[in-house]
$ cat upload.cif   # mmCIF, C-alpha atoms
data_data
#
loop_
_atom_site.label_atom_id
_atom_site.label_comp_id
_atom_site.auth_asym_id
_atom_site.auth_seq_id
_atom_site.Cartn_x
_atom_site.Cartn_y
_atom_site.Cartn_z
CA MET B 3 105.07 101.86 121.81
CA THR B 4 101.56 103.25 121.55
CA THR B 5 98.52 101.12 120.62
CA GLU B 6 98.48 102.87 117.25
CA GLN B 7 102.11 101.97 116.57
CA GLY B 8 101.67 98.40 117.82
CA LEU B 9 98.66 97.80 115.58
CA GLY B 10 100.56 99.20 112.61
CA LEU B 11 103.54 96.95 113.33
CA ILE B 12 101.45 93.75 113.56
CA THR B 13 99.55 94.63 110.37
CA GLY B 14 102.84 95.40 108.62
CA ILE B 15 104.44 92.10 109.65
CA LEU B 16 101.48 90.18 108.18
CA PHE B 17 101.57 92.38 105.07
CA GLY B 18 105.30 91.75 104.58
CA PHE B 19 104.87 88.01 105.19
CA LEU B 20 102.22 87.74 102.46
CA LEU B 21 104.21 89.92 100.03
CA GLN B 22 107.20 87.65 100.51
CA LYS B 23 105.26 84.35 100.26
CA GLY B 24 103.54 85.64 97.14
CA ARG B 25 107.07 86.26 95.76
CA VAL B 26 106.20 89.77 94.66
CA LEU B 27 109.03 91.63 96.41
CA ARG B 28 111.67 90.92 93.81
CA PHE B 29 112.99 93.40 91.29
CA ASP B 30 112.70 90.72 88.60
CA LYS B 31 109.00 90.12 89.33
CA GLN B 32 108.18 93.83 89.15
CA VAL B 33 110.15 94.46 85.98
CA GLY B 34 108.89 91.11 84.61
CA ALA B 35 105.31 92.38 84.93
CA MET B 36 106.19 95.66 83.21
CA LEU B 37 107.84 93.68 80.40
CA LEU B 38 104.58 91.65 80.24
CA LYS B 39 106.49 88.41 80.78
CA ASP B 40 105.61 87.43 84.36
CA MET B 41 102.22 88.43 85.76
CA THR B 42 102.85 87.31 89.36
CA ILE B 43 102.44 90.78 90.84
CA LEU B 44 99.24 91.43 88.88
CA LYS B 45 97.77 88.09 89.99
CA PHE B 46 98.66 88.98 93.57
CA MET B 47 97.38 92.56 93.51
CA LEU B 48 94.18 91.80 91.63
CA SER B 49 93.37 88.82 93.91
CA ALA B 50 93.78 91.10 96.92
CA ILE B 51 91.53 93.70 95.32
CA LEU B 52 88.82 91.14 94.37
CA VAL B 53 88.58 89.85 97.94
CA GLY B 54 89.16 93.20 99.61
CA MET B 55 86.56 95.15 97.64
CA VAL B 56 83.73 92.83 98.74
CA GLY B 57 84.58 93.11 102.43
CA ILE B 58 85.23 96.85 102.27
CA LEU B 59 81.87 97.38 100.54
CA ILE B 60 79.98 95.31 103.12
CA LEU B 61 81.66 97.14 106.03
CA SER B 62 81.07 100.59 104.54
CA ASN B 63 77.43 99.82 103.62
CA ALA B 64 76.90 98.75 107.24
CA GLN B 65 78.54 102.04 108.26
CA ILE B 66 81.13 100.18 110.30
CA ILE B 67 84.02 101.81 108.44
CA THR B 68 84.29 105.08 106.51
CA LEU B 69 85.78 105.16 103.03
CA GLY B 70 88.71 107.46 102.35
CA HIS B 71 88.85 108.24 98.64
CA LYS B 72 91.96 110.01 97.44
CA PRO B 73 91.11 113.19 95.51
CA MET B 74 90.55 112.87 91.77
CA ASN B 75 92.87 115.76 91.00
CA LEU B 76 93.48 115.47 87.28
CA GLY B 77 97.01 116.89 87.07
CA ALA B 78 98.11 115.12 90.23
CA VAL B 79 96.92 111.69 89.17
CA ILE B 80 97.98 111.94 85.51
CA VAL B 81 101.37 113.64 85.94
CA GLY B 82 102.14 112.07 89.32
CA GLY B 83 100.98 108.63 88.21
CA GLY B 84 103.07 108.93 85.04
CA LEU B 85 106.19 110.00 86.94
CA PHE B 86 105.70 107.12 89.34
CA GLY B 87 105.46 104.65 86.47
CA ILE B 88 108.68 105.95 84.91
CA GLY B 89 110.60 105.78 88.18
CA TRP B 90 109.09 102.40 89.11
CA ALA B 91 110.40 100.80 85.90
CA VAL B 92 113.96 102.03 86.47
CA MET B 93 114.01 101.39 90.22
CA GLY B 94 112.22 98.03 90.01
CA PHE B 95 110.48 98.48 93.35
CA CYS B 96 107.53 100.37 94.74
CA PRO B 97 107.68 102.00 98.21
CA GLY B 98 106.26 99.02 100.12
CA THR B 99 108.15 96.31 98.25
CA SER B 100 111.52 98.09 98.58
CA ILE B 101 111.39 97.65 102.35
CA GLY B 102 110.27 94.04 101.98
CA ALA B 103 113.02 93.28 99.44
CA LEU B 104 115.56 94.49 101.99
CA GLY B 105 114.00 92.05 104.48
CA GLU B 106 114.57 89.08 102.16
CA GLY B 107 118.24 89.97 101.70
CA ARG B 108 118.12 91.97 98.47
CA TRP B 109 120.27 94.70 99.98
CA HIS B 110 120.48 96.74 96.77
CA ALA B 111 116.93 97.86 97.64
CA ILE B 112 118.66 100.30 100.03
CA PHE B 113 119.53 102.46 96.99
CA ALA B 114 115.88 102.58 95.96
CA ILE B 115 114.93 103.51 99.53
CA LEU B 116 117.55 106.30 99.64
CA GLY B 117 116.33 107.59 96.29
CA MET B 118 112.72 107.62 97.51
CA LEU B 119 113.66 109.43 100.74
CA ALA B 120 115.40 112.06 98.60
CA GLY B 121 112.36 112.24 96.33
CA ALA B 122 110.08 112.81 99.33
CA ALA B 123 112.36 115.58 100.63
CA ILE B 124 112.44 117.22 97.18
CA TYR B 125 108.64 117.03 96.89
CA ALA B 126 108.31 118.77 100.27
CA GLU B 127 110.37 121.65 98.82
CA ILE B 128 108.55 121.90 95.48
CA TYR B 129 105.04 121.37 96.94
CA PRO B 130 104.19 125.12 96.93
CA ILE B 131 105.07 125.29 93.22
CA CYS B 132 103.05 122.14 92.42
CA LYS B 133 100.08 123.53 94.33
CA THR B 134 99.82 126.53 92.02
CA SER B 135 100.56 124.53 88.85
CA VAL B 136 99.93 120.80 88.34
CA LEU B 137 97.65 120.45 91.36
CA ALA B 138 95.59 123.50 90.37
CA TRP B 139 94.37 122.27 86.97
CA LYS B 140 91.17 120.47 87.85
CA ASP B 141 90.09 118.75 91.05
CA PHE B 142 86.97 116.56 90.94
CA GLY B 143 87.32 115.89 94.67
CA LYS B 144 87.11 112.64 96.61
CA ILE B 145 84.82 110.65 94.36
CA GLY B 146 83.95 106.98 94.06
CA LEU B 147 83.07 105.12 90.88
CA PRO B 148 79.47 104.15 91.90
CA GLU B 149 78.22 107.71 92.46
CA THR B 150 80.15 108.98 89.44
CA LEU B 151 78.56 106.42 87.13
CA GLY B 152 75.24 106.43 89.01
CA VAL B 153 75.11 102.65 89.41
CA SER B 154 75.08 100.31 92.40
CA PRO B 155 78.56 99.47 93.72
CA TRP B 156 77.59 95.78 93.59
CA ILE B 157 77.18 95.98 89.80
CA ILE B 158 80.68 97.45 89.52
CA VAL B 159 82.08 94.75 91.80
CA ALA B 160 80.36 92.01 89.74
CA VAL B 161 81.66 93.41 86.43
CA PHE B 162 85.15 93.84 87.90
CA TRP B 163 85.16 90.22 89.15
CA ALA B 164 84.04 88.95 85.73
CA ILE B 165 86.72 90.90 83.85
CA ILE B 166 89.53 89.95 86.24
CA LEU B 167 88.60 86.25 86.31
CA CYS B 168 88.75 86.22 82.48
CA LEU B 169 92.13 87.94 82.70
CA PHE B 170 93.37 85.29 85.18
CA ALA B 171 92.19 82.50 82.86
CA TRP B 172 94.11 84.14 80.02
CA PHE B 173 97.27 84.49 82.18
CA GLU B 174 97.13 80.77 82.98
CA LYS B 175 96.48 79.79 79.38
CA LYS B 176 99.45 81.85 78.21
CA ARG B 177 101.57 80.73 81.21
CA LEU B 178 102.40 84.32 82.10
CA MET Y 5 96.42 75.45 89.65
CA LYS Y 6 99.20 74.85 92.13
CA TRP Y 7 99.12 76.28 95.64
CA LYS Y 8 102.91 76.32 95.87
CA THR Y 9 105.39 77.76 93.43
CA ASP Y 10 108.49 75.82 92.36
CA ASP Y 11 110.68 77.73 94.81
CA GLY Y 12 108.44 77.01 97.81
CA GLY Y 13 106.43 80.24 97.66
CA TRP Y 14 102.64 80.42 97.75
CA SER Y 15 100.41 80.82 94.72
CA PRO Y 16 100.08 84.57 94.08
CA TYR Y 17 96.30 84.07 93.93
CA LEU Y 18 96.29 82.57 97.42
CA ALA Y 19 98.73 85.06 98.97
CA GLY Y 20 96.87 87.92 97.27
CA ALA Y 21 93.46 86.73 98.48
CA LEU Y 22 94.84 86.50 102.03
CA LEU Y 23 96.13 90.07 101.66
CA GLY Y 24 92.57 91.05 100.72
CA VAL Y 25 91.38 89.50 103.99
CA LEU Y 26 94.14 91.39 105.85
CA ALA Y 27 93.06 94.67 104.21
CA ILE Y 28 89.46 94.14 105.36
CA GLY Y 29 90.58 93.13 108.86
CA SER Y 30 92.90 96.11 109.07
CA ALA Y 31 90.20 98.60 108.03
CA PHE Y 32 87.96 97.08 110.71
CA ALA Y 33 90.65 96.99 113.41
CA THR Y 34 91.84 100.57 112.89
CA THR Y 35 88.23 101.80 113.01
CA LYS Y 36 87.43 99.89 116.21
CA ILE Y 37 90.71 100.43 118.06
CA LEU Y 38 91.95 103.79 116.75
CA LYS Y 39 88.48 105.24 116.01
CA LYS Y 40 89.55 106.17 112.51
CA THR Y 41 89.55 103.94 109.42
CA SER Y 42 93.05 103.54 108.01
CA PHE Y 43 93.86 101.75 104.78
CA LEU Y 44 97.09 100.03 103.78
CA GLY Y 45 99.63 102.43 102.27
CA ALA Y 46 103.34 103.13 102.26
CA SER Y 47 104.49 106.27 100.47
CA THR Y 48 103.49 108.89 103.10
CA THR Y 49 105.92 107.14 105.44
CA PHE Y 50 108.80 108.18 103.16
CA VAL Y 51 107.76 111.82 103.68
CA ARG Y 52 107.68 111.39 107.46
CA ALA Y 53 111.01 109.52 107.46
CA ALA Y 54 112.61 112.22 105.27
CA GLY Y 55 111.24 114.83 107.69
CA LEU Y 56 112.62 112.98 110.72
CA ILE Y 57 116.06 112.76 109.09
CA GLU Y 58 116.02 116.42 108.01
CA GLN Y 59 114.95 117.45 111.51
CA THR Y 60 118.28 116.28 112.92
CA VAL Y 61 120.14 118.90 110.87
CA ALA Y 62 117.52 121.56 110.10
CA ALA Y 63 114.67 121.38 112.61
CA GLU Y 64 113.40 124.89 111.90
CA HIS Y 65 113.32 124.31 108.18
CA VAL Y 66 111.15 121.19 108.62
CA ALA Y 67 108.85 122.96 111.07
CA ALA Y 68 108.34 125.81 108.58
CA ASN Y 69 107.74 123.53 105.57
CA GLU Y 70 104.12 123.46 104.43
CA TYR Y 71 104.16 119.87 103.14
CA PHE Y 72 105.85 118.40 106.22
CA THR Y 73 103.34 120.27 108.38
CA LYS Y 74 100.44 118.93 106.27
CA GLU Y 75 101.62 115.30 106.47
CA LYS Y 76 102.76 115.56 110.13
CA VAL Y 77 106.29 114.31 110.76
CA ARG Y 78 105.81 111.55 113.32
CA VAL Y 79 106.04 107.78 113.78
CA ASP Y 80 102.41 106.84 113.17
CA TRP Y 81 100.41 103.69 112.31
CA GLN Y 82 101.59 103.56 108.69
CA PHE Y 83 105.23 104.22 109.67
CA MET Y 84 105.19 101.11 111.88
CA LEU Y 85 103.35 99.21 109.16
CA VAL Y 86 106.19 99.90 106.73
CA LEU Y 87 108.79 98.79 109.31
CA GLY Y 88 106.65 95.69 109.86
CA ILE Y 89 106.90 94.79 106.16
CA PHE Y 90 110.67 94.41 106.64
CA ILE Y 91 110.21 92.05 109.60
CA GLY Y 92 107.45 90.07 107.87
CA ALA Y 93 109.57 89.55 104.74
CA LEU Y 94 112.54 88.46 106.87
CA VAL Y 95 110.44 86.01 108.90
CA ALA Y 96 108.87 84.54 105.74
CA SER Y 97 112.06 84.21 103.69
CA VAL Y 98 114.57 82.71 106.14
CA PRO Y 99 112.80 79.40 106.96
CA ASP Y 100 111.88 78.57 103.34
CA GLY Y 101 115.36 79.33 102.00
CA SER Y 102 114.31 82.16 99.70
CA PHE Y 103 116.31 84.74 101.69
CA ARG Y 104 119.27 85.65 99.52
CA ILE Y 105 121.98 88.29 99.77
CA GLU Y 106 121.79 89.99 96.39
CA GLY Y 107 123.73 93.07 95.24
CA VAL Y 108 122.46 93.34 91.67
CA PRO Y 109 119.15 91.80 90.48
CA PRO Y 110 119.44 89.27 87.58
CA THR Y 111 117.24 91.21 85.11
CA TRP Y 112 119.29 94.35 85.69
CA GLU Y 113 122.59 92.48 85.40
CA LYS Y 114 121.57 90.99 82.03
CA ARG Y 115 121.10 94.46 80.62
CA PHE Y 116 123.64 96.62 82.49
CA GLY Y 117 126.24 94.17 83.84
CA PRO Y 118 127.32 93.38 87.40
CA SER Y 119 128.29 96.93 88.44
CA ILE Y 120 126.77 97.86 91.79
CA VAL Y 121 127.49 101.54 91.11
CA LYS Y 122 125.35 101.49 87.95
CA ARG Y 123 122.54 99.73 89.83
CA ALA Y 124 122.79 102.29 92.65
CA ILE Y 125 122.57 105.25 90.27
CA GLY Y 126 119.57 103.73 88.46
CA ALA Y 127 117.76 102.92 91.69
CA ILE Y 128 118.42 106.34 93.26
CA LEU Y 129 117.31 108.30 90.17
CA GLY Y 130 114.30 106.02 89.69
CA GLY Y 131 113.46 106.33 93.37
CA ILE Y 132 113.55 110.13 93.28
CA ILE Y 133 111.25 110.33 90.23
CA ALA Y 134 108.88 107.64 91.52
CA MET Y 135 108.48 109.22 94.96
CA ILE Y 136 107.87 112.71 93.56
CA GLY Y 137 105.19 111.09 91.39
CA ALA Y 138 103.67 109.08 94.23
CA ARG Y 139 103.39 112.12 96.49
CA MET Y 140 101.91 114.21 93.69
CA ALA Y 141 99.35 111.48 92.92
CA ASP Y 142 98.79 111.03 96.69
CA GLY Y 143 99.52 107.31 96.67
CA CYS Y 144 101.58 104.36 95.46
CA PRO Y 145 100.64 100.80 94.39
CA SER Y 146 99.61 100.18 98.03
CA GLY Y 147 97.54 103.29 98.71
CA HIS Y 148 96.08 103.67 95.23
CA GLY Y 149 96.63 100.20 93.76
CA LEU Y 150 95.30 98.13 96.64
CA SER Y 151 93.36 100.37 99.03
CA GLY Y 152 91.94 102.82 96.49
CA MET Y 153 90.82 100.12 94.06
CA MET Y 154 89.12 98.20 96.88
CA GLN Y 155 87.14 101.34 97.70
CA LEU Y 156 86.30 101.93 94.01
CA SER Y 157 87.98 105.35 94.06
CA VAL Y 158 87.95 107.04 90.65
CA SER Y 159 91.43 108.51 91.23
CA SER Y 160 92.88 105.06 91.93
CA PHE Y 161 91.65 103.55 88.66
CA VAL Y 162 93.32 106.42 86.78
CA ALA Y 163 96.48 106.34 88.92
CA LEU Y 164 96.97 102.58 88.57
CA GLY Y 165 96.46 102.89 84.80
CA MET Y 166 99.14 105.59 84.66
CA PHE Y 167 101.53 103.65 86.96
CA PHE Y 168 101.31 100.53 84.87
CA GLY Y 169 101.01 102.19 81.45
CA CYS Y 170 104.13 104.31 81.90
CA GLY Y 171 105.90 101.45 83.68
CA VAL Y 172 105.34 99.09 80.73
CA LEU Y 173 106.51 101.72 78.26
CA VAL Y 174 109.69 102.67 80.14
CA ALA Y 175 110.54 99.07 81.09
CA HIS Y 176 110.51 98.11 77.42
CA LEU Y 177 112.75 101.08 76.59
CA VAL Y 178 115.18 100.36 79.43
CA TYR Y 179 115.34 96.53 79.50
CA GLY Y 180 113.86 95.61 76.15
CA ARG Y 181 116.99 95.80 74.06
CA ARG Y 182 119.37 92.86 73.80
CA SER Y 183 122.16 92.95 76.32
CA ALA Y 184 125.53 94.16 75.10
#
$ encode --input "upload.cif" --output "C-alpha cells"
Amino acid sequence: MTTEQGLGLITGILFGFLLQKGRVLRFDKQVGAMLLKDMTILKFMLSAILVGMVGILILSNAQIITLGHKPMNLGAVIVGGGLFGIGWAVMGFCPGTSIGALGEGRWHAIFAILGMLAGAAIYAEIYPICKTSVLAWKDFGKIGLPETLGVSPWIIVAVFWAIILCLFAWFEKKRL
Amino acid sequence: MKWKTDDGGWSPYLAGALLGVLAIGSAFATTKILKKTSFLGASTTFVRAAGLIEQTVAAEHVAANEYFTKEKVRVDWQFMLVLGIFIGALVASVPDGSFRIEGVPPTWEKRFGPSIVKRAIGAILGGIIAMIGARMADGCPSGHGLSGMMQLSVSSFVALGMFFGCGVLVAHLVYGRRSA
C-alpha cells in the first residue's frame, strides 16, 4: 500500500466510525430527514460544517491549504443535484453512507451500491452527450461565496453559525 | 442535551463536530504528506470502481472512454477512504451492539412490505439515478454537502439545496402515503 492509500484508509476508518456513532448510516435516518421527521443527519452534517468551515478558512487564509471549489455549472448542479435528490429518496443512502451501512450489517445496502456502480458506468457512456447539452448551458467556474458576494468570508461564517444555531434550537424544541 | 442517544450512539452534534475536526485534519494531512489538498468525498470512487470492474471484461473500451480517462481509473486516496468507511462502521457498531443483519429497512417495509426483491429494485433504480446526478453535479453529500459547504463554494450551496429539496419532495411521494 502506498502512503497515499494508507492515509486515505486511516481517514476513512475515522470517517466511518463517526458516521456510525452519529447513527446517520441508516436508511430510516436518511428517509426520516427527507420526511422532515428525524433531523439526525442534518444535525450531524451541519455540526461538521460549522466546525469544519472555521478551520478550513484559517488554514486557507494562512495559505497552508488550497481550496478546491467545484465548478458552478448551472445545468450540472441544478439537473444533477435534482436527479441525485430523487434517487437518494428512493435508495435511502448516499454514496458514503451506503458503504458504511454495509459495515454495520445492513446488507441490503449492497443493492444501492450495485445501482450506483451501474449509474457511474452509465454516466461514463453518456458523458459526451451531457458535455454538449446540460453541462454546456452556463458555467460560472470555480467560485466561492465571499468573492461572489464581495464580503469577508468571516461575515459569511458568522451569519451561517447564527442561522444554524437557531435551526438547532428549533429542532430541539420540536424534538425532531 | 444528551451526549448519548438511547441506543448507545453519540449525540449527532458531537459526532458531527468531531467529523468537522477530522475534515480539517484531513485537509492539512493530505497537503503536508501528499503535497495536494484533498477534501472528503465519495462519489468519484464509484466511477473508478465501475472502471476497474469494466476493465476486466472490456479493457480497451475503458481506456478509450473520455470520462474514465478524465477521472483516472485507479485505487487512489479517496478509494481507500471509501473502503475505510466500511471498516470504521464495522468497528464502531459491533462493540456497542448496534450492528444488525438487516435485509429490508423498517421504513421501507412499512410502505412496501417485507419483499427483498422490491427493496432491491428500488435501491438499484434509485442508485442509478442518484449516481448519474452526483457525477453530473460533480459531488455527493460528502463532496458538496460537507467539503464544499466548508469551503463556502457557491456550487455546493445550490447542490445541497437541490439534493435536499428534491429528496424531501420525492420522499413524501414515495413514503408519505399510508401503508396498504
$ residues_around --input "upload.cif" --residues "Phe95 in chain B" --least-positions-apart "4" --cutoff "8 Å" --atoms "all atoms listed in the file" --output "PyMOL selection string"
chain B and resi 27-29+32+90-91+99-100+111+114
$ residues_around --input "upload.cif" --residues "Phe142 in chain B" --least-positions-apart "6" --cutoff "9 Å" --atoms "all atoms listed in the file" --output "list of chain:residue names"
B:Pro73, B:Met74, B:Asn75, B:Leu76
$ atom_distance --input "upload.cif" --atom1 "CA of Leu69 in chain B" --atom2 "CA of Gly57 in chain B"
12.1 Å
$ atom_distance --input "upload.cif" --atom1 "CA of Phe43 in chain Y" --atom2 "CA of Met135 in chain Y"
19.1 Å
$ atom_distance --input "upload.cif" --atom1 "CA of Gly105 in chain B" --atom2 "CA of Ile43 in chain B"
17.9 Å
$ resolve_selection --input "upload.cif" --expression "the PyMOL selection byres ((chain B and resi 3-6) around 8)" --output "ChimeraX atom specification"
/B:7-10 /Y:38,80-81
$ resolve_selection --input "upload.cif" --expression "the PyMOL selection byres ((chain B and resi 26) around 12)" --output "PyMOL selection string"
(chain B and resi 17-25+27-35+40-47+94-96+98-100+102-103+106) or (chain Y and resi 13-17+19-20+93)
$ resolve_selection --input "upload.cif" --expression "the PyMOL selection byres ((chain Y and resi 25) around 10)" --output "VMD selection string"
(chain B and resid 50 to 51 53 to 58) or (chain Y and resid 19 to 24 26 to 30)
$ residues_around --input "upload.cif" --residues "Arg139 in chain Y" --least-positions-apart "3" --cutoff "9 Å" --atoms "only C-alpha atoms" --output "list in words"
Ala78, Gly82, Gly121, Ala122 and Tyr125 of chain B; Ser47, Thr48, Val51, Ala134, Met135, Ile136, Asp142, Gly143 and Cys144 of chain Y
$ closest_residue --input "upload.cif" --among "Y:Gly180, Y:Gly88, Y:Pro99, Y:Gly147" --to "chain B" --atoms "all atoms listed in the file"
Y:Gly88
$ closest_atom_pairs --input "upload.cif" --of "range 60-133 of chain B" --to "range 155-172 of chain B" --cutoff "12 Å" --atoms "only C-alpha atoms" --output "Markdown table"
| residue | atom | partner | partner_atom | distance |
| --- | --- | --- | --- | --- |
| B:Ile60 | CA | B:Trp156 | CA | 9.8 |
| B:Ser62 | CA | B:Pro155 | CA | 11.2 |
| B:Asn63 | CA | B:Pro155 | CA | 10.0 |
$ write_last_selection --input "upload.cif" --atoms "C-alpha atoms" --output "compact mmCIF listing (two decimals), keeping the file's coordinate frame"
# COMPACT_ATOMS: atom_id res chain seq x y z
CA ILE B 60 79.98 95.31 103.12
CA SER B 62 81.07 100.59 104.54
CA ASN B 63 77.43 99.82 103.62
$ closest_residue --input "upload.cif" --among "B:Pro97, B:Val79, B:Val153, B:Phe86" --to "Ile115 in chain B" --atoms "all atoms listed in the file"
B:Pro97
$ closest_residue --input "upload.cif" --among "B:Ala64, B:Ile131, B:Ile15, B:Met118" --to "Ala138 in chain Y" --atoms "all atoms listed in the file"
B:Met118
$ closest_residue --input "upload.cif" --among "B:Leu11, B:His71, B:Thr134, B:Gln65" --to "Leu147 in chain B" --atoms "only C-alpha atoms"
B:His71
$ closest_residue --input "upload.cif" --among "Y:Val178, Y:Ala62, Y:Ala127, Y:Leu18" --to "chain B" --atoms "all atoms listed in the file"
Y:Ala127
$ closest_residue --input "upload.cif" --among "B:Ile88, B:Trp139, B:Gly70, B:Phe113" --to "His148 in chain Y" --atoms "all atoms listed in the file"
B:Gly70
$ axis_aligned_box --input "upload.cif" --around "range 134-143 of chain B" --padding-each-side "5 Å" --output "JSON"
{"center_x": 93.8, "center_y": 121.2, "center_z": 90.8, "size_x": 23.6, "size_y": 20.6, "size_z": 17.7}
$ residues_around --input "upload.cif" --residues "Ala163 in chain Y" --least-positions-apart "3" --cutoff "9 Å" --atoms "only C-alpha atoms" --output "VMD selection string"
(chain B and resid 79 to 80 82 to 84) or (chain Y and resid 141 143 to 145 148 to 149 158 to 160 166 to 168)
$ residues_around --input "upload.cif" --residues "Ala68 in chain Y" --least-positions-apart "4" --cutoff "12 Å" --atoms "all atoms listed in the file" --output "PyMOL selection string"
(chain B and resi 126-127) or (chain Y and resi 55+59+62-64+72-74+76-77)
